[in-house]
Each structure stands twice: as structure tokens, then as C-alpha cells.
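J.: Below are the C-alpha cells for one structure; questions will follow.
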Amino acid sequence: MKFDLISIFPEYFSPLKLSLIGKAQEKNLVSIAIHDLRDQADGVHKSVDDTPYGGGAGMVMSPVPWGEAIDQVLLGSSAAIHDLIILTPAGQKLTQSLAQELVECEHLIFACGRYEGIDHRVTRYYQTVPHVRVREISIGDYVLGGGEVATLVIMEAIIRLIPGVVGNPQSLVEESHSLPEDAVEYPNYTKPAVWRGLDVPEVLLSGNHALIKAWRNDQALERTQKLNPQTRG
Ligand code: 6SD
């Protein structure tokens, strides 16, 4: 799976060398290339933004360097389909099922805006390009300073679903199947059996696997009701 990330702050992506995603790159399960949008900017100031048509506060990212950067990525790719992800609070909300859909993609391009966002013609133009699917995605209803952190979130959600990335595939199975549909996780405990006067729930020490399974199920449902009663459980 190939990822191309385009941003004016390429250093935002340094954490991708760590942990799960770092290992996934070492194992050649994913290939990640980072591109500085400013490499496509002209003039001494390498400007990538301008004032908004129609007025208003802030600056809008010019479609010109974005078009150059995205075209360059597309020309260098042999993929049959390219998914161009544009991060925006107005996009489709990231969910586990969207992550499961995206992990099937061969080539993901993340366009990370800053300022007031990217000139909307970038979305409109690439919607007309054959073999490109444009997806506007949000990670939640709050406003970030740019698309970089949202990209890191989406990539982590996707990459851990690639077979061979998570060490113990049973943990993926447990997360997705053995709990009730859409429930959050049950609470976890490890040694010591008593910590600062707090015991581990007795059932977990019982060795009775059927009882443990039923208890975890109850706990997951109870937590789901408390944490997210509107949308889950
Ligand atoms: C200006 C951006 C890009 C600004 C964003 C995405 C979400 N879920 N909240 N905020 C965002 C994305 C904000 O570029």
C-alpha cells in the first residue's frame, strides 16, 4: 500500500518512523513518501496562499501548487486507482468502517491544507480526472489548524488493519467481532493482583473462561452506554 502526503509542514510526519507504522515500513507492508508543497511554489517568497475571493478573514491555499504537487504524485504512480483524501472539518466522518474501506485502496494521497483551507477547485478538478477518487474526510467535529494531525490519525487507523502489521492478529479479531456490535472495549487488568489497595475483579482470576467472556461482554455494554449512549451499543 502506497501513501503520498503533501503538506507545507513535512516535519509533522516524523512520528511515522516510530512504533507500528515504522515497523510496517521496515517490513515493506507500506511505503510512505512525504512531499513539501512549497517545492511547487514560485517566487522568492514561495507563497502558497492568497486572499479569499468574496472577502473574509484569513488566507486560502492556491490551487496552482496543489495541482502541480498532485499531478507529480499521480505521474509517478503505477496504481490503477488513486484515492485523493482532502482533510476538512466538512468531510465524511472517519469511522472504523471507513478505515476498513480505505485499507483496500492501493494508493492514498493525503492533501493537508493550512490557513482557511484549499481552493475548492482542487476537489472539483480531481473529481473529473479518470482513475482518481476524491474523498473529503474529517476526523471529528472540532477545528484543527491543518490536515496533518488528521492524516496521522487516519493513517494509524488504516495501517493497523493491514495483515502482518499488528503482531497478534487475534487482537484485531477481538476488537471487531467478539464484542457486541459497535461496543467499546471491556476494561483490562494485569499484575500485580492488588495495586494501591485496588483488587482485580475476582472473575478474572477464576479461570472460568465462559464466565470471563460473559463478564467482559457486560462491562463492554455498560461502558458503551455510559460513554456513547447516542450512537453505540
Ligand atoms: C486548513 C484544515 C484541514 C483545517 C480539520 C479536520 C477536522 N476534522 N477538523 N479540522 C481541518 C483539516 C482543519 O486545513
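By convention in this document, the chains of the C-alpha cells carry letters A, B, ... by their order, each chain's residues are numbered from 1, and ligands are numbered from 1 in the order they are shown.
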Pick out the residues no farther than 12 Å from ligand 1, counting only C-alpha atoms and all ligand atoms, and list them as a PyMOL selection string.
T.: chain A and resi 7-9+49+58-61+85-95+110-120+136-154
J.: According to DSSP computed on the backbone, where in region 123-198 of chain A is there strand (DSSP E or B)? Give the residues as a VMD selection string.
T.: chain A and resid 132 to 138 194 to 195 198
J.: Suppose we keep N, CA, C and O atoms; can you now write the selection as a compact mmCIF listing (two decimals), in the first residue's frame?
T.:
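Result file is again24.txt:
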```
# COMPACT_ATOMS: atom_id res chain seq x y z
N VAL A 132 -9.07 8.66 -10.52
CA VAL A 132 -8.89 9.35 -9.23
C VAL A 132 -10.25 9.41 -8.54
O VAL A 132 -11.25 9.80 -9.16
N ARG A 133 -10.28 8.98 -7.27
CA ARG A 133 -11.48 9.15 -6.43
C ARG A 133 -11.12 10.20 -5.39
O ARG A 133 -10.14 10.05 -4.67
N VAL A 134 -11.90 11.27 -5.31
CA VAL A 134 -11.66 12.32 -4.32
C VAL A 134 -12.53 12.04 -3.10
O VAL A 134 -13.73 11.77 -3.24
N ARG A 135 -11.91 12.06 -1.93
CA ARG A 135 -12.66 11.85 -0.69
C ARG A 135 -12.33 12.98 0.27
O ARG A 135 -11.17 13.16 0.65
N GLU A 136 -13.34 13.75 0.66
CA GLU A 136 -13.16 14.77 1.70
C GLU A 136 -13.48 14.09 3.03
O GLU A 136 -14.57 13.55 3.21
N ILE A 137 -12.51 14.09 3.94
CA ILE A 137 -12.66 13.36 5.21
C ILE A 137 -12.37 14.27 6.40
O ILE A 137 -11.48 15.12 6.35
N SER A 138 -13.16 14.07 7.47
CA SER A 138 -13.00 14.76 8.75
C SER A 138 -12.72 13.72 9.82
O SER A 138 -13.22 12.60 9.74
N VAL A 194 -3.09 -6.81 43.43
CA VAL A 194 -3.55 -5.67 44.24
C VAL A 194 -2.61 -4.50 43.97
O VAL A 194 -1.39 -4.66 44.05
N TRP A 195 -3.17 -3.36 43.64
CA TRP A 195 -2.36 -2.15 43.37
C TRP A 195 -3.02 -0.95 44.06
O TRP A 195 -4.19 -0.66 43.81
N LEU A 198 -6.37 -1.51 45.36
CA LEU A 198 -7.42 -1.87 44.40
C LEU A 198 -7.19 -3.30 43.88
O LEU A 198 -6.10 -3.61 43.40
```
J.: Hey, what's within 10 Å of Val165 (chain A) if we count only C-alpha atoms and toss same-chain stuff fewer than 6 positions away? As an MDAnalysis selection string, please?
T.: chainID A and resid 20:25 27 29:30 159
J.: I'd like to know which residues of region 121-160 of chain A are alpha helix (DSSP H) (by DSSP, run on the backbone); could you write them as a PyMOL selection string?
T.: chain A and resi 121-126+148-159
J.: Using N, CA and C atoms, can you write the selected residues to a file as a PDB file, in the first residue's frame?
T.:
```
ATOM      1  N   ARG A 121     -11.533  24.401  -6.081  1.00  0.00           N
ATOM      2  CA  ARG A 121     -11.373  23.869  -7.435  1.00  0.00           C
ATOM      3  C   ARG A 121     -10.458  22.654  -7.474  1.00  0.00           C
ATOM      4  N   VAL A 122      -9.603  22.490  -6.447  1.00  0.00           N
ATOM      5  CA  VAL A 122      -8.750  21.289  -6.403  1.00  0.00           C
ATOM      6  C   VAL A 122      -9.644  20.047  -6.282  1.00  0.00           C
ATOM      7  N   THR A 123     -10.610  20.080  -5.369  1.00  0.00           N
ATOM      8  CA  THR A 123     -11.593  18.991  -5.237  1.00  0.00           C
ATOM      9  C   THR A 123     -12.338  18.807  -6.563  1.00  0.00           C
ATOM     10  N   ARG A 124     -12.879  19.895  -7.094  1.00  0.00           N
ATOM     11  CA  ARG A 124     -13.718  19.810  -8.303  1.00  0.00           C
ATOM     12  C   ARG A 124     -12.919  19.270  -9.485  1.00  0.00           C
ATOM     13  N   TYR A 125     -11.677  19.733  -9.637  1.00  0.00           N
ATOM     14  CA  TYR A 125     -10.860  19.299 -10.782  1.00  0.00           C
ATOM     15  C   TYR A 125     -10.569  17.794 -10.705  1.00  0.00           C
ATOM     16  N   TYR A 126     -10.076  17.328  -9.557  1.00  0.00           N
ATOM     17  CA  TYR A 126      -9.678  15.910  -9.479  1.00  0.00           C
ATOM     18  C   TYR A 126     -10.879  14.975  -9.494  1.00  0.00           C
ATOM     19  N   GLU A 148      -2.616  17.920   8.868  1.00  0.00           N
ATOM     20  CA  GLU A 148      -1.530  16.978   9.164  1.00  0.00           C
ATOM     21  C   GLU A 148      -1.878  15.996  10.281  1.00  0.00           C
ATOM     22  N   VAL A 149      -2.388  16.503  11.393  1.00  0.00           N
ATOM     23  CA  VAL A 149      -2.712  15.623  12.530  1.00  0.00           C
ATOM     24  C   VAL A 149      -3.850  14.672  12.149  1.00  0.00           C
ATOM     25  N   ALA A 150      -4.814  15.169  11.398  1.00  0.00           N
ATOM     26  CA  ALA A 150      -5.913  14.317  10.922  1.00  0.00           C
ATOM     27  C   ALA A 150      -5.359  13.187  10.046  1.00  0.00           C
ATOM     28  N   THR A 151      -4.368  13.500   9.224  1.00  0.00           N
ATOM     29  CA  THR A 151      -3.737  12.480   8.373  1.00  0.00           C
ATOM     30  C   THR A 151      -3.077  11.397   9.222  1.00  0.00           C
ATOM     31  N   LEU A 152      -2.367  11.812  10.279  1.00  0.00           N
ATOM     32  CA  LEU A 152      -1.724  10.826  11.167  1.00  0.00           C
ATOM     33  C   LEU A 152      -2.768   9.904  11.796  1.00  0.00           C
ATOM     34  N   VAL A 153      -3.884  10.472  12.210  1.00  0.00           N
ATOM     35  CA  VAL A 153      -4.958   9.676  12.829  1.00  0.00           C
ATOM     36  C   VAL A 153      -5.502   8.656  11.824  1.00  0.00           C
ATOM     37  N   ILE A 154      -5.808   9.127  10.636  1.00  0.00           N
ATOM     38  CA  ILE A 154      -6.398   8.239   9.621  1.00  0.00           C
ATOM     39  C   ILE A 154      -5.408   7.142   9.238  1.00  0.00           C
ATOM     40  N   MET A 155      -4.131   7.520   9.081  1.00  0.00           N
ATOM     41  CA  MET A 155      -3.133   6.507   8.701  1.00  0.00           C
ATOM     42  C   MET A 155      -2.979   5.451   9.777  1.00  0.00           C
ATOM     43  N   GLU A 156      -2.988   5.852  11.045  1.00  0.00           N
ATOM     44  CA  GLU A 156      -2.867   4.856  12.114  1.00  0.00           C
ATOM     45  C   GLU A 156      -4.053   3.903  12.104  1.00  0.00           C
ATOM     46  N   ALA A 157      -5.249   4.459  11.901  1.00  0.00           N
ATOM     47  CA  ALA A 157      -6.453   3.608  11.864  1.00  0.00           C
ATOM     48  C   ALA A 157      -6.408   2.625  10.697  1.00  0.00           C
ATOM     49  N   ILE A 158      -5.857   3.052   9.568  1.00  0.00           N
ATOM     50  CA  ILE A 158      -5.804   2.183   8.379  1.00  0.00           C
ATOM     51  C   ILE A 158      -4.691   1.140   8.499  1.00  0.00           C
ATOM     52  N   ILE A 159      -3.479   1.617   8.827  1.00  0.00           N
ATOM     53  CA  ILE A 159      -2.299   0.751   8.701  1.00  0.00           C
ATOM     54  C   ILE A 159      -2.356  -0.426   9.659  1.00  0.00           C
TER      55      ILE A 159
END
```
J.: Using only C-alpha atoms, which of the listed residues (A:Val103, A:Met1, A:Tyr189, A:Leu18) sits closest to Ala79 (chain A)?
T.: A:Met1
J.: How many Å separate CA of Trp66 (chain A) from CA of Leu37 (chain A)?
T.: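 For CA of Trp66 (chain A) relative to CA of Leu37 (chain A), the distance reads 7.0 Å.
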